[in-house]
file run_32.csv (CSV, C-alpha atoms and all ligand atoms)
chain,number,residue,atom,x,y,z
I,1,MET,CA,105.0,92.3,65.5
I,2,LEU,CA,103.6,95.8,66.1
I,3,ASN,CA,106.0,98.5,67.1
I,4,LYS,CA,105.5,99.2,70.8
I,5,MET,CA,104.3,102.7,69.9
I,6,PHE,CA,101.3,101.2,68.2
I,7,GLN,CA,100.3,98.3,70.4
I,8,ASN,CA,97.5,100.1,72.2
I,9,ASN,CA,96.4,102.2,69.2
I,10,ASP,CA,93.0,101.1,68.1
I,11,LEU,CA,93.0,103.2,65.0
I,12,VAL,CA,96.3,101.6,63.8
I,13,HIS,CA,94.9,98.1,64.4
I,14,LYS,CA,91.7,99.0,62.5
I,15,LEU,CA,93.6,100.4,59.6
I,16,LEU,CA,96.0,97.4,59.4
I,17,ASN,CA,93.1,95.0,59.7
I,18,ARG,CA,91.3,96.7,56.8
I,19,ILE,CA,94.5,96.6,54.7
I,20,ALA,CA,95.0,92.9,55.5
I,21,ARG,CA,91.6,92.0,54.0
I,22,TYR,CA,92.8,93.2,50.6
I,23,LYS,CA,94.4,90.3,48.8
I,24,GLU,CA,95.3,91.7,45.4
I,25,ASP,CA,98.8,93.0,44.6
I,26,ILE,CA,99.0,96.8,44.7
I,27,ARG,CA,102.0,99.0,44.0
I,28,ILE,CA,102.0,102.3,45.8
I,29,MET,CA,104.7,104.9,45.2
I,30,GLU,CA,105.5,107.6,47.8
I,31,VAL,CA,107.1,110.6,46.1
I,32,CYS,CA,108.4,112.4,49.2
I,33,GLY,CA,111.6,111.7,51.0
I,34,SER,CA,109.9,112.5,54.3
I,35,HIS,CA,107.4,109.7,53.6
I,36,THR,CA,110.2,107.4,52.7
I,37,MET,CA,111.9,108.1,56.1
I,38,ALA,CA,108.6,107.8,58.0
I,39,ILE,CA,107.8,104.4,56.4
I,40,GLY,CA,111.3,103.2,57.4
I,41,LYS,CA,111.3,104.8,60.9
I,42,TRP,CA,107.9,103.3,61.9
I,43,ALA,CA,108.6,100.0,60.2
I,44,LEU,CA,105.4,100.3,58.2
I,45,ARG,CA,106.6,98.0,55.4
I,46,LYS,CA,107.1,95.2,57.9
I,47,LEU,CA,103.5,95.7,59.2
I,48,LEU,CA,101.9,95.3,55.8
I,49,PRO,CA,101.1,92.1,54.0
I,50,PRO,CA,103.4,91.2,51.2
I,51,ASN,CA,100.9,92.1,48.5
I,52,ILE,CA,101.1,95.8,49.5
I,53,HIS,CA,104.2,97.1,47.8
I,54,LEU,CA,105.4,100.5,49.0
I,55,ILE,CA,107.9,101.9,46.4
I,56,SER,CA,110.0,105.0,46.8
I,57,GLY,CA,109.9,107.5,44.1
I,58,PRO,CA,111.9,110.7,43.1
I,59,GLY,CA,111.0,112.6,46.2
I,60,CYS,CA,114.5,113.5,47.6
I,61,PRO,CA,115.7,116.9,46.2
I,62,VAL,CA,119.4,116.1,46.8
I,63,CYS,CA,119.1,112.7,45.1
I,64,VAL,CA,117.7,114.2,41.8
I,65,THR,CA,120.2,117.2,41.7
I,66,PRO,CA,122.5,116.4,38.7
I,67,PRO,CA,126.3,116.2,39.2
I,68,SER,CA,126.8,119.2,37.0
I,69,ILE,CA,125.6,121.5,39.8
I,70,ILE,CA,128.6,120.3,41.9
I,71,ASP,CA,131.0,120.2,38.9
I,72,SER,CA,130.2,123.8,38.1
I,73,LEU,CA,131.2,125.1,41.5
I,74,ILE,CA,134.2,123.1,42.6
I,75,ASN,CA,136.8,125.1,40.7
I,76,LEU,CA,135.6,128.5,41.7
I,77,ARG,CA,137.7,130.6,44.0
I,78,SER,CA,137.2,134.0,45.7
I,79,VAL,CA,133.6,133.1,46.3
I,80,THR,CA,131.7,131.6,49.3
I,81,ILE,CA,129.4,128.6,48.5
I,82,ALA,CA,126.5,128.5,50.9
I,83,THR,CA,124.5,125.2,51.0
I,84,PHE,CA,122.3,123.0,53.0
I,85,GLY,CA,124.4,120.3,54.7
I,86,ASP,CA,123.0,117.4,52.6
I,87,MET,CA,124.7,118.8,49.5
I,88,LEU,CA,128.2,118.6,51.0
I,89,ARG,CA,128.8,114.9,50.1
I,90,LEU,CA,126.7,114.8,46.9
I,91,PRO,CA,129.0,113.3,44.2
I,92,GLY,CA,129.8,115.3,41.1
I,93,ASN,CA,131.9,113.9,38.3
I,94,ASN,CA,135.1,115.3,39.9
I,95,GLY,CA,134.4,114.9,43.6
I,96,THR,CA,132.2,116.5,46.2
I,97,LEU,CA,132.0,120.0,47.7
I,98,GLU,CA,133.5,118.4,50.8
I,99,ASP,CA,136.6,117.5,48.7
I,100,ALA,CA,136.7,121.0,47.2
I,101,ARG,CA,136.5,122.5,50.7
I,102,ALA,CA,139.5,120.5,51.7
I,103,ALA,CA,141.3,121.8,48.6
I,104,GLY,CA,140.5,125.4,49.6
I,105,LEU,CA,137.0,126.3,48.3
I,106,ASP,CA,135.1,128.3,50.9
I,107,VAL,CA,132.0,126.2,51.5
I,108,ARG,CA,129.6,127.0,54.4
I,109,ILE,CA,126.7,125.0,55.6
I,110,VAL,CA,123.6,127.2,56.2
I,111,TYR,CA,120.1,126.4,57.5
I,112,SER,CA,118.2,129.0,55.6
I,113,PRO,CA,118.8,131.1,52.4
I,114,LEU,CA,118.6,134.1,54.8
I,115,ASP,CA,121.9,132.9,56.3
I,116,ALA,CA,123.5,133.1,52.9
I,117,LEU,CA,122.1,136.6,52.5
I,118,LYS,CA,124.0,137.6,55.7
I,119,LEU,CA,127.2,136.0,54.3
I,120,ALA,CA,126.8,138.1,51.1
I,121,LYS,CA,127.0,141.3,53.1
I,122,LYS,CA,130.7,140.6,53.5
I,123,ASN,CA,131.7,138.0,50.7
I,124,GLU,CA,130.7,137.1,47.2
I,125,THR,CA,128.2,134.3,48.0
I,126,ILE,CA,126.5,131.7,45.9
I,127,PHE,CA,123.6,129.9,47.5
I,128,ILE,CA,122.8,126.5,46.0
I,129,GLY,CA,119.1,126.6,45.3
I,130,ILE,CA,117.9,123.1,45.5
I,131,GLY,CA,114.5,121.8,46.5
I,132,PHE,CA,111.0,121.2,45.5
I,133,GLU,CA,108.0,123.5,45.9
I,134,THR,CA,108.3,123.3,49.7
I,135,THR,CA,111.6,125.1,50.0
I,136,ILE,CA,111.4,127.2,46.8
I,137,PRO,CA,109.2,130.1,48.1
I,138,GLY,CA,111.7,130.9,50.9
I,139,ILE,CA,114.6,131.0,48.4
I,140,ALA,CA,112.5,133.1,45.9
I,141,HIS,CA,111.6,135.5,48.7
I,142,THR,CA,115.3,135.8,49.6
I,143,ILE,CA,116.1,136.9,46.1
I,144,THR,CA,113.5,139.6,46.3
I,145,LEU,CA,115.2,140.8,49.6
I,146,ALA,CA,118.6,140.8,47.9
I,147,HIS,CA,117.0,142.9,45.1
I,148,LYS,CA,115.5,145.4,47.6
I,149,GLN,CA,118.8,145.7,49.4
I,150,ASN,CA,120.7,145.9,46.1
I,151,LEU,CA,123.0,143.2,47.5
I,152,SER,CA,125.1,142.5,44.5
I,153,ARG,CA,127.4,140.0,46.2
I,154,PHE,CA,124.5,137.5,46.5
I,155,SER,CA,123.5,135.0,43.9
I,156,VAL,CA,121.6,131.7,43.7
I,157,LEU,CA,122.5,128.7,41.5
I,158,PRO,CA,119.0,127.6,40.5
I,159,ALA,CA,118.6,123.8,40.7
I,160,PHE,CA,114.9,123.8,41.6
I,161,LYS,CA,112.6,121.0,40.7
I,162,ILE,CA,108.8,120.7,40.5
I,163,ILE,CA,107.0,117.5,41.2
I,164,PRO,CA,104.0,117.2,38.8
I,165,PRO,CA,106.1,117.1,35.6
I,166,ALA,CA,108.3,114.4,37.2
I,167,LEU,CA,105.3,112.3,37.9
I,168,LYS,CA,104.2,112.7,34.3
I,169,ALA,CA,107.6,111.7,33.1
I,170,LEU,CA,107.7,108.7,35.3
I,171,LEU,CA,104.3,107.5,34.1
I,172,ASN,CA,105.2,108.1,30.5
I,173,SER,CA,108.1,105.7,31.0
I,174,THR,CA,107.2,102.1,30.0
I,175,GLU,CA,109.5,100.7,32.8
I,176,VAL,CA,107.3,102.1,35.6
I,177,ASN,CA,104.5,100.1,37.1
I,178,ILE,CA,102.5,101.9,39.7
I,179,ASP,CA,98.8,101.6,40.9
I,180,GLY,CA,98.6,104.8,42.9
I,181,PHE,CA,100.6,107.5,44.6
I,182,ILE,CA,101.0,108.7,48.2
I,183,LEU,CA,101.4,112.3,47.4
I,184,PRO,CA,103.7,114.7,49.4
I,185,GLY,CA,102.0,116.6,52.2
I,186,ASN,CA,104.6,119.4,52.3
I,187,VAL,CA,104.8,120.1,48.6
I,188,SER,CA,101.0,119.9,48.3
I,189,ALA,CA,100.7,122.6,51.1
I,190,ILE,CA,102.2,124.9,48.5
I,191,ILE,CA,100.7,123.7,45.2
I,192,GLY,CA,97.4,122.3,46.5
I,193,SER,CA,95.8,119.0,45.9
I,194,ASN,CA,94.2,120.2,42.6
I,195,ALA,CA,97.7,120.1,41.1
I,196,TYR,CA,97.4,116.3,40.7
I,197,GLU,CA,94.1,116.1,38.9
I,198,PHE,CA,96.0,115.1,35.7
I,199,LEU,CA,96.7,111.7,37.3
I,200,PRO,CA,93.2,110.3,37.0
I,201,ARG,CA,92.4,112.4,33.9
I,202,GLU,CA,95.5,111.5,31.8
I,203,PHE,CA,96.8,108.3,33.4
I,204,ASP,CA,93.7,106.7,35.0
I,205,LEU,CA,95.6,106.6,38.3
I,206,GLY,CA,94.7,107.9,41.8
I,207,GLY,CA,96.6,109.5,44.6
I,208,VAL,CA,96.2,110.5,48.2
I,209,VAL,CA,97.8,113.6,49.7
I,210,THR,CA,98.8,112.7,53.2
I,211,GLY,CA,100.8,113.7,56.2
I,212,PHE,CA,103.8,112.0,57.9
I,213,GLU,CA,102.3,110.3,60.9
I,214,PRO,CA,101.9,106.5,60.7
I,215,ILE,CA,98.1,106.9,60.8
I,216,ASP,CA,98.3,109.4,57.9
I,217,ILE,CA,100.2,106.9,55.8
I,218,LEU,CA,98.1,103.9,56.7
I,219,SER,CA,94.9,105.9,56.0
I,220,ALA,CA,96.3,106.9,52.6
I,221,ILE,CA,97.0,103.2,51.8
I,222,ASN,CA,93.4,102.3,52.8
I,223,MET,CA,92.1,105.1,50.6
I,224,LEU,CA,94.1,103.9,47.6
I,225,ILE,CA,93.0,100.3,48.2
I,226,ASP,CA,89.3,101.5,48.2
I,227,GLN,CA,90.0,103.3,44.9
I,228,GLN,CA,91.5,100.2,43.4
I,229,GLN,CA,88.6,98.0,44.6
I,230,ASN,CA,86.0,100.4,43.3
I,231,ASN,CA,87.9,101.0,40.1
I,232,SER,CA,87.6,104.8,40.8
I,233,PRO,CA,91.0,106.5,40.6
I,234,LYS,CA,90.9,110.0,41.9
I,235,ILE,CA,92.8,112.6,44.0
I,236,GLU,CA,91.9,112.6,47.6
I,237,ASN,CA,93.2,114.7,50.4
I,238,GLU,CA,93.8,113.0,53.8
I,239,TYR,CA,95.9,116.0,55.0
I,240,GLN,CA,93.1,118.6,55.0
I,241,ARG,CA,94.5,120.0,58.2
I,242,VAL,CA,97.4,121.4,56.2
I,243,VAL,CA,96.6,121.1,52.5
I,244,SER,CA,93.9,123.0,50.6
I,245,PRO,CA,92.7,122.3,47.0
I,246,ALA,CA,94.3,125.5,45.7
I,247,GLY,CA,97.4,125.5,48.0
I,248,ASN,CA,99.2,128.5,49.4
I,249,ILE,CA,98.5,131.4,47.0
I,250,ASN,CA,101.0,133.7,48.6
I,251,ALA,CA,103.8,131.2,48.3
I,252,GLN,CA,102.9,130.5,44.7
I,253,GLN,CA,103.0,134.3,44.0
I,254,ALA,CA,106.5,134.5,45.7
I,255,ILE,CA,107.7,131.8,43.3
I,256,ASN,CA,106.1,133.2,40.2
I,257,GLN,CA,107.4,136.7,40.9
I,258,VAL,CA,111.1,135.6,40.7
I,259,LEU,CA,111.2,132.2,38.9
I,260,GLN,CA,109.9,130.8,35.7
I,261,VAL,CA,109.3,127.3,34.5
I,262,GLN,CA,112.1,125.7,32.4
I,263,ASP,CA,113.3,122.3,31.3
I,264,SER,CA,115.5,120.5,33.7
I,265,TRP,CA,117.9,117.6,34.2
I,266,TRP,CA,117.1,115.2,37.0
I,267,ARG,CA,119.8,112.9,38.2
I,268,GLY,CA,118.8,109.4,37.3
I,269,LEU,CA,115.6,110.5,35.4
I,270,GLY,CA,117.2,112.5,32.7
I,271,TYR,CA,115.9,115.6,30.9
I,272,ILE,CA,112.3,116.4,31.9
I,273,PRO,CA,110.5,119.2,30.0
I,274,ALA,CA,109.1,122.1,32.2
I,275,SER,CA,110.2,120.4,35.4
I,276,GLY,CA,112.5,123.0,36.8
I,277,LEU,CA,112.5,126.7,37.7
I,278,GLY,CA,115.0,129.3,36.5
I,279,ILE,CA,115.5,132.9,37.6
I,280,ARG,CA,113.5,135.5,35.6
I,281,ASP,CA,115.4,138.1,33.6
I,282,GLU,CA,114.3,140.9,36.0
I,283,PHE,CA,116.4,139.2,38.7
I,284,ARG,CA,119.2,138.0,36.5
I,285,GLN,CA,121.9,139.8,38.5
I,286,PHE,CA,121.2,137.2,41.2
I,287,ASP,CA,121.5,134.2,38.9
I,288,ALA,CA,124.8,132.5,39.5
I,289,ILE,CA,124.7,130.7,36.2
I,290,HIS,CA,124.7,134.1,34.4
I,291,LYS,CA,127.0,135.9,36.8
I,292,TYR,CA,129.8,133.3,36.8
I,293,ASN,CA,129.1,131.8,33.4
I,294,LEU,CA,128.6,128.3,35.0
I,295,ASP,CA,128.2,125.2,32.8
I,296,ILE,CA,125.4,123.1,34.2
I,297,SER,CA,124.9,120.8,31.1
I,298,ASP,CA,124.6,117.3,32.4
I,299,GLN,CA,127.1,114.5,32.4
I,300,GLN,CA,126.2,111.4,34.5
I,301,PRO,CA,129.1,109.7,36.2
I,302,ASP,CA,129.6,106.0,35.5
I,303,THR,CA,130.0,104.7,39.0
I,304,GLY,CA,127.7,101.6,38.9
I,305,CYS,CA,125.1,103.5,41.0
I,306,GLN,CA,121.6,102.5,40.2
I,307,CYS,CA,119.9,105.5,41.8
I,308,GLY,CA,118.0,106.2,38.6
I,309,ASP,CA,116.2,102.8,38.8
I,310,VAL,CA,115.7,103.3,42.5
I,311,LEU,CA,114.1,106.7,41.9
I,312,LYS,CA,111.8,105.2,39.3
I,313,GLY,CA,110.8,102.3,41.6
I,314,ILE,CA,112.2,99.7,39.2
I,315,ILE,CA,114.5,98.2,41.9
I,316,THR,CA,114.6,98.6,45.7
I,317,PRO,CA,117.9,99.7,47.2
I,318,PRO,CA,119.0,96.3,48.4
I,319,GLN,CA,118.7,95.1,44.8
I,320,CYS,CA,121.6,97.4,43.9
I,321,PRO,CA,124.8,95.3,44.0
I,322,LEU,CA,126.7,98.1,45.7
I,323,PHE,CA,124.2,98.5,48.6
I,324,ASP,CA,125.8,97.8,51.9
I,325,HIS,CA,129.0,96.7,50.2
I,326,THR,CA,130.9,99.5,48.7
I,327,CYS,CA,128.0,102.0,49.2
I,328,THR,CA,127.2,102.9,52.7
I,329,PRO,CA,126.3,106.2,54.4
I,330,ALA,CA,129.9,106.5,55.5
I,331,ASN,CA,131.1,106.0,51.9
I,332,PRO,CA,128.2,106.9,49.6
I,333,ILE,CA,128.6,106.1,46.0
I,334,GLY,CA,125.4,107.6,44.8
I,335,PRO,CA,123.0,110.4,45.9
I,336,CYS,CA,120.3,108.1,47.2
I,337,MET,CA,122.7,107.1,50.0
I,338,VAL,CA,124.0,110.6,50.7
I,339,SER,CA,120.8,112.4,51.5
I,340,SER,CA,119.1,111.8,54.9
I,341,GLU,CA,115.9,111.5,52.8
I,342,GLY,CA,117.3,109.2,50.2
I,343,SER,CA,115.7,105.8,49.6
I,344,CYS,CA,119.0,103.9,50.0
I,345,ALA,CA,119.9,105.8,53.2
I,346,ALA,CA,116.4,105.0,54.6
I,347,TYR,CA,116.7,101.3,53.7
I,348,TYR,CA,120.3,101.2,55.2
I,349,LYS,CA,119.1,102.8,58.4
I,350,TYR,CA,115.8,101.0,59.0
I,351,GLU,CA,115.4,98.0,56.8
I,352,ARG,CA,118.7,96.0,56.6
Q,401,LIG,S1,123.0,101.7,47.1
Q,401,LIG,FE1,124.4,103.4,46.5
Q,401,LIG,S2,125.2,102.8,44.5
Q,401,LIG,FE2,123.3,101.6,44.8
Q,401,LIG,S3,121.6,102.8,44.0
Q,401,LIG,FE3,121.8,103.4,46.2
Q,401,LIG,S4,123.2,105.2,46.2
Q,401,LIG,FE4,123.4,104.2,44.2
call {"tool": "encode", "arguments": {"input": "run_32.csv", "output": "C-alpha cells", "more": "lines below"}}
Ligand code: SF4
result
Amino acid sequence: MLNKMFQNNDLVHKLLNRIARYKEDIRIMEVCGSHTMAIGKWALRKLLPPNIHLISGPGCPVCVTPPSIIDSLINLRSVTIATFGDMLRLPGNNGTLEDARAAGLDVRIVYSPLDALKLAKKNETIFIGIGFETTIPGIAHTITLAHKQNLSRFSVLPAFKIIPPALKALLNSTEVNIDGFILPGNVSAIIGSNAYEFLPREFDLGGVVTGFEPIDILSAINMLIDQQQNNSPKIENEYQRVVSPAGNINAQQAINQVLQVQDSWWRGLGYIPASGLGIRDEFRQFDAIHKYNLDISDQQPDTGCQCGDVLKGIITPPQCPLFDHTCTPANPIGPCMVSSEGSCAAYYKYER
C-alpha cells in the first residue's frame, strides 16, 4: 500500500516498478542516520520487495561514541559541560550525563558550538565534540575563534569520527555481508564523492551518494541494482545538486587547520585505525583531554545491548532480545535507542 504522499507520484511508481523487476537478493547498507530515519519515516522498506534488503550501518554519531567519553566527564565539578541534546541520555559505564546533572554536574544543552563559546565567556566550559565530517568543520572553526579571542575557559573533548575508515573496517570484517552502499549526502557534501573510490578499487563494491527525499533513496537503490546487474561496481553521485567530486574545500581546510587524523574507538565497532580526529598541538590549550587529564580509554559496558551487531548490519534491531522489552526510547539500554538517528529508535518509531 503506497503512502498517500506517493499515490499520485509517477516517478515513485516508475522507480518502484523498476526495483520490483529485479529478482535477486541484494543487501544495501545506508551509513547515515538521516537516511535510516527517512527510510523509516517514508515506510520505504515496506514498499520494497523482500529481496531488497536495506541494512542500517554505523551512521549515527551518538551511537558510535564510546562510553568512556561520558565516564571521563561525570565526576568533574566546577566546569560546565555543553553538549548536543542527544548525548544527555547516552549510557556510560557509570550512568549518563542526565544522571550526573541530577547529582550536581552543570550540563547545558546547546544547539551549536558557538553557544558553548558564549558560555565560556563566564564559566570553564567543555564542549563535547561528537560528529562526523558534517558537523566537524563548525566545531573546528569554533576552536579557531576561541584561539583568536584567547578564550582560555573554552575547551573541546574531541570524539570526532570519520566515515571512510569505518567503511573499510566494516568491509574487512568477515561478519559483514553487503552488496553496495547508500552513501551519506551530508558527509559527502564535505568530503566529496571521490572519497569513496576505494570501495570499487579495494573491495569490488559500489556506492551511490544520495539525498534524503524518498525519490533520492529509491533512485540510489535503482542505481545500485543496475550496478549489480551489470557487474560494474562504482561510485555514483545522485546528489549532484549538493555534492561535488572534491567536496567543500573550505570546510576541509577548516578541519585540517585544527584537527589531525588519529586512531579511534567506536562503540560497538572497536578500535579503528585513523578513524578519528584529535586536536593539533598548536591548539592544545583547547583540548579538554589534555587540559583536564581525562581518561578516554575504552571499556564497553556489559548490558546485553547488541548495538555493535546492529551497527554492522549483522542483526536488525527487532532481533535484539531487549528491543521493545526492556529497551525502549523511554528507557534506552543502548545508544542505538538513545539517539533520534539510531537504528533501534528508527525501528521503534516507524517499523514495530
Ligand atoms: S534494542 Fe536497545 S539493547 Fe538492543 S541493540 Fe538496540 S539499543 Fe541495544
call {"tool": "residues_around", "arguments": {"input": "run_32.csv", "residues": "Leu277 (chain I)", "least_positions_apart": "2", "cutoff": "7 Å", "atoms": "all atoms listed in the file", "output": "JSON, numbers by chain"}}
result
{"I": [160, 161, 259, 260, 261, 262, 279]}
call {"tool": "residues_near_ligand", "arguments": {"input": "run_32.csv", "ligand": "ligand LIG 401 (chain Q)", "cutoff": "10 Å", "atoms": "only C-alpha atoms and all ligand atoms", "output": "PDB file with C-alpha atoms, in the frame of the given file"}}
result
ATOM      1  CA  CYS I  63     119.100 112.700  45.100  1.00  0.00           C
ATOM      2  CA  GLY I 268     118.800 109.400  37.300  1.00  0.00           C
ATOM      3  CA  THR I 303     130.000 104.700  39.000  1.00  0.00           C
ATOM      4  CA  GLY I 304     127.700 101.600  38.900  1.00  0.00           C
ATOM      5  CA  CYS I 305     125.100 103.500  41.000  1.00  0.00           C
ATOM      6  CA  GLN I 306     121.600 102.500  40.200  1.00  0.00           C
ATOM      7  CA  CYS I 307     119.900 105.500  41.800  1.00  0.00           C
ATOM      8  CA  GLY I 308     118.000 106.200  38.600  1.00  0.00           C
ATOM      9  CA  ASP I 309     116.200 102.800  38.800  1.00  0.00           C
ATOM     10  CA  VAL I 310     115.700 103.300  42.500  1.00  0.00           C
ATOM     11  CA  LEU I 311     114.100 106.700  41.900  1.00  0.00           C
ATOM     12  CA  ILE I 315     114.500  98.200  41.900  1.00  0.00           C
ATOM     13  CA  THR I 316     114.600  98.600  45.700  1.00  0.00           C
ATOM     14  CA  PRO I 317     117.900  99.700  47.200  1.00  0.00           C
ATOM     15  CA  PRO I 318     119.000  96.300  48.400  1.00  0.00           C
ATOM     16  CA  GLN I 319     118.700  95.100  44.800  1.00  0.00           C
ATOM     17  CA  CYS I 320     121.600  97.400  43.900  1.00  0.00           C
ATOM     18  CA  PRO I 321     124.800  95.300  44.000  1.00  0.00           C
ATOM     19  CA  LEU I 322     126.700  98.100  45.700  1.00  0.00           C
ATOM     20  CA  PHE I 323     124.200  98.500  48.600  1.00  0.00           C
ATOM     21  CA  ASP I 324     125.800  97.800  51.900  1.00  0.00           C
ATOM     22  CA  HIS I 325     129.000  96.700  50.200  1.00  0.00           C
ATOM     23  CA  THR I 326     130.900  99.500  48.700  1.00  0.00           C
ATOM     24  CA  CYS I 327     128.000 102.000  49.200  1.00  0.00           C
ATOM     25  CA  THR I 328     127.200 102.900  52.700  1.00  0.00           C
ATOM     26  CA  PRO I 329     126.300 106.200  54.400  1.00  0.00           C
ATOM     27  CA  ASN I 331     131.100 106.000  51.900  1.00  0.00           C
ATOM     28  CA  PRO I 332     128.200 106.900  49.600  1.00  0.00           C
ATOM     29  CA  ILE I 333     128.600 106.100  46.000  1.00  0.00           C
ATOM     30  CA  GLY I 334     125.400 107.600  44.800  1.00  0.00           C
ATOM     31  CA  PRO I 335     123.000 110.400  45.900  1.00  0.00           C
ATOM     32  CA  CYS I 336     120.300 108.100  47.200  1.00  0.00           C
ATOM     33  CA  MET I 337     122.700 107.100  50.000  1.00  0.00           C
ATOM     34  CA  VAL I 338     124.000 110.600  50.700  1.00  0.00           C
ATOM     35  CA  SER I 339     120.800 112.400  51.500  1.00  0.00           C
ATOM     36  CA  GLY I 342     117.300 109.200  50.200  1.00  0.00           C
ATOM     37  CA  SER I 343     115.700 105.800  49.600  1.00  0.00           C
ATOM     38  CA  CYS I 344     119.000 103.900  50.000  1.00  0.00           C
ATOM     39  CA  ALA I 345     119.900 105.800  53.200  1.00  0.00           C
ATOM     40  CA  TYR I 347     116.700 101.300  53.700  1.00  0.00           C
ATOM     41  CA  TYR I 348     120.300 101.200  55.200  1.00  0.00           C
TER      42      TYR I 348
END
call {"tool": "residues_around", "arguments": {"input": "run_32.csv", "residues": "region 198-200 of chain I", "least_positions_apart": "2", "cutoff": "12 Å", "atoms": "only C-alpha atoms", "output": "ChimeraX atom specification"}}
result
/I:164-172,178-181,183,193-196,202-208,227,231-236
call {"tool": "atom_distance", "arguments": {"input": "run_32.csv", "atom1": "CA of Ser275 (chain I)", "atom2": "CA of Thr144 (chain I)"}}
result
22.3 Å
call {"tool": "residues_around", "arguments": {"input": "run_32.csv", "residues": "Ile255 (chain I)", "least_positions_apart": "3", "cutoff": "8 Å", "atoms": "all atoms listed in the file", "output": "ChimeraX atom specification"}}
result
/I:136-137,140-141,251-252,258-260
call {"tool": "closest_residue", "arguments": {"input": "run_32.csv", "among": "I:Arg101, I:Val243, I:Ile217, I:Asn222", "to": "Ala43 (chain I)", "atoms": "all atoms listed in the file"}}
result
I:Ile217
call {"tool": "atom_distance", "arguments": {"input": "run_32.csv", "atom1": "CA of Ser78 (chain I)", "atom2": "CA of Glu124 (chain I)"}}
result
7.4 Å
call {"tool": "residues_around", "arguments": {"input": "run_32.csv", "residues": "Leu157 (chain I)", "least_positions_apart": "5", "cutoff": "6 Å", "atoms": "all atoms listed in the file", "output": "mmCIF file with C-alpha atoms, in the coordinates of the input"}}
result
data_model
loop_
_atom_site.group_PDB
_atom_site.id
_atom_site.type_symbol
_atom_site.label_atom_id
_atom_site.label_comp_id
_atom_site.auth_asym_id
_atom_site.auth_seq_id
_atom_site.Cartn_x
_atom_site.Cartn_y
_atom_site.Cartn_z
ATOM 1 C CA ILE I 128 122.800 126.500 46.000
ATOM 2 C CA GLY I 129 119.100 126.600 45.300
ATOM 3 C CA ALA I 288 124.800 132.500 39.500
#
call {"tool": "residues_around", "arguments": {"input": "run_32.csv", "residues": "Ile139 (chain I)", "least_positions_apart": "4", "cutoff": "8 Å", "atoms": "only C-alpha atoms", "output": "ChimeraX atom specification"}}
result
/I:113,129,135,143
call {"tool": "atom_distance", "arguments": {"input": "run_32.csv", "atom1": "CA of Asp281 (chain I)", "atom2": "CA of Ser155 (chain I)"}}
result
13.5 Å
call {"tool": "closest_residue", "arguments": {"input": "run_32.csv", "among": "I:Leu54, I:His290, I:Gly95, I:Asp10", "to": "Gly40 (chain I)", "atoms": "all atoms listed in the file"}}
result
I:Leu54
call {"tool": "closest_residue", "arguments": {"input": "run_32.csv", "among": "I:Val62, I:Leu44, I:Ala159, I:Ile130", "to": "Ile296 (chain I)", "atoms": "all atoms listed in the file"}}
result
I:Ala159
call {"tool": "closest_residue", "arguments": {"input": "run_32.csv", "among": "I:Ala254, I:Ala20, I:Ile221, I:Leu76", "to": "Tyr292 (chain I)", "atoms": "only C-alpha atoms"}}
result
I:Leu76
call {"tool": "closest_residue", "arguments": {"input": "run_32.csv", "among": "I:Thr125, I:Leu105, I:Ile69, I:Arg18", "to": "Asn93 (chain I)", "atoms": "all atoms listed in the file"}}
result
I:Ile69
call {"tool": "closest_residue", "arguments": {"input": "run_32.csv", "among": "I:Met29, I:Ala346, I:Val12, I:Ile289", "to": "Val176 (chain I)", "atoms": "only C-alpha atoms"}}
result
I:Met29
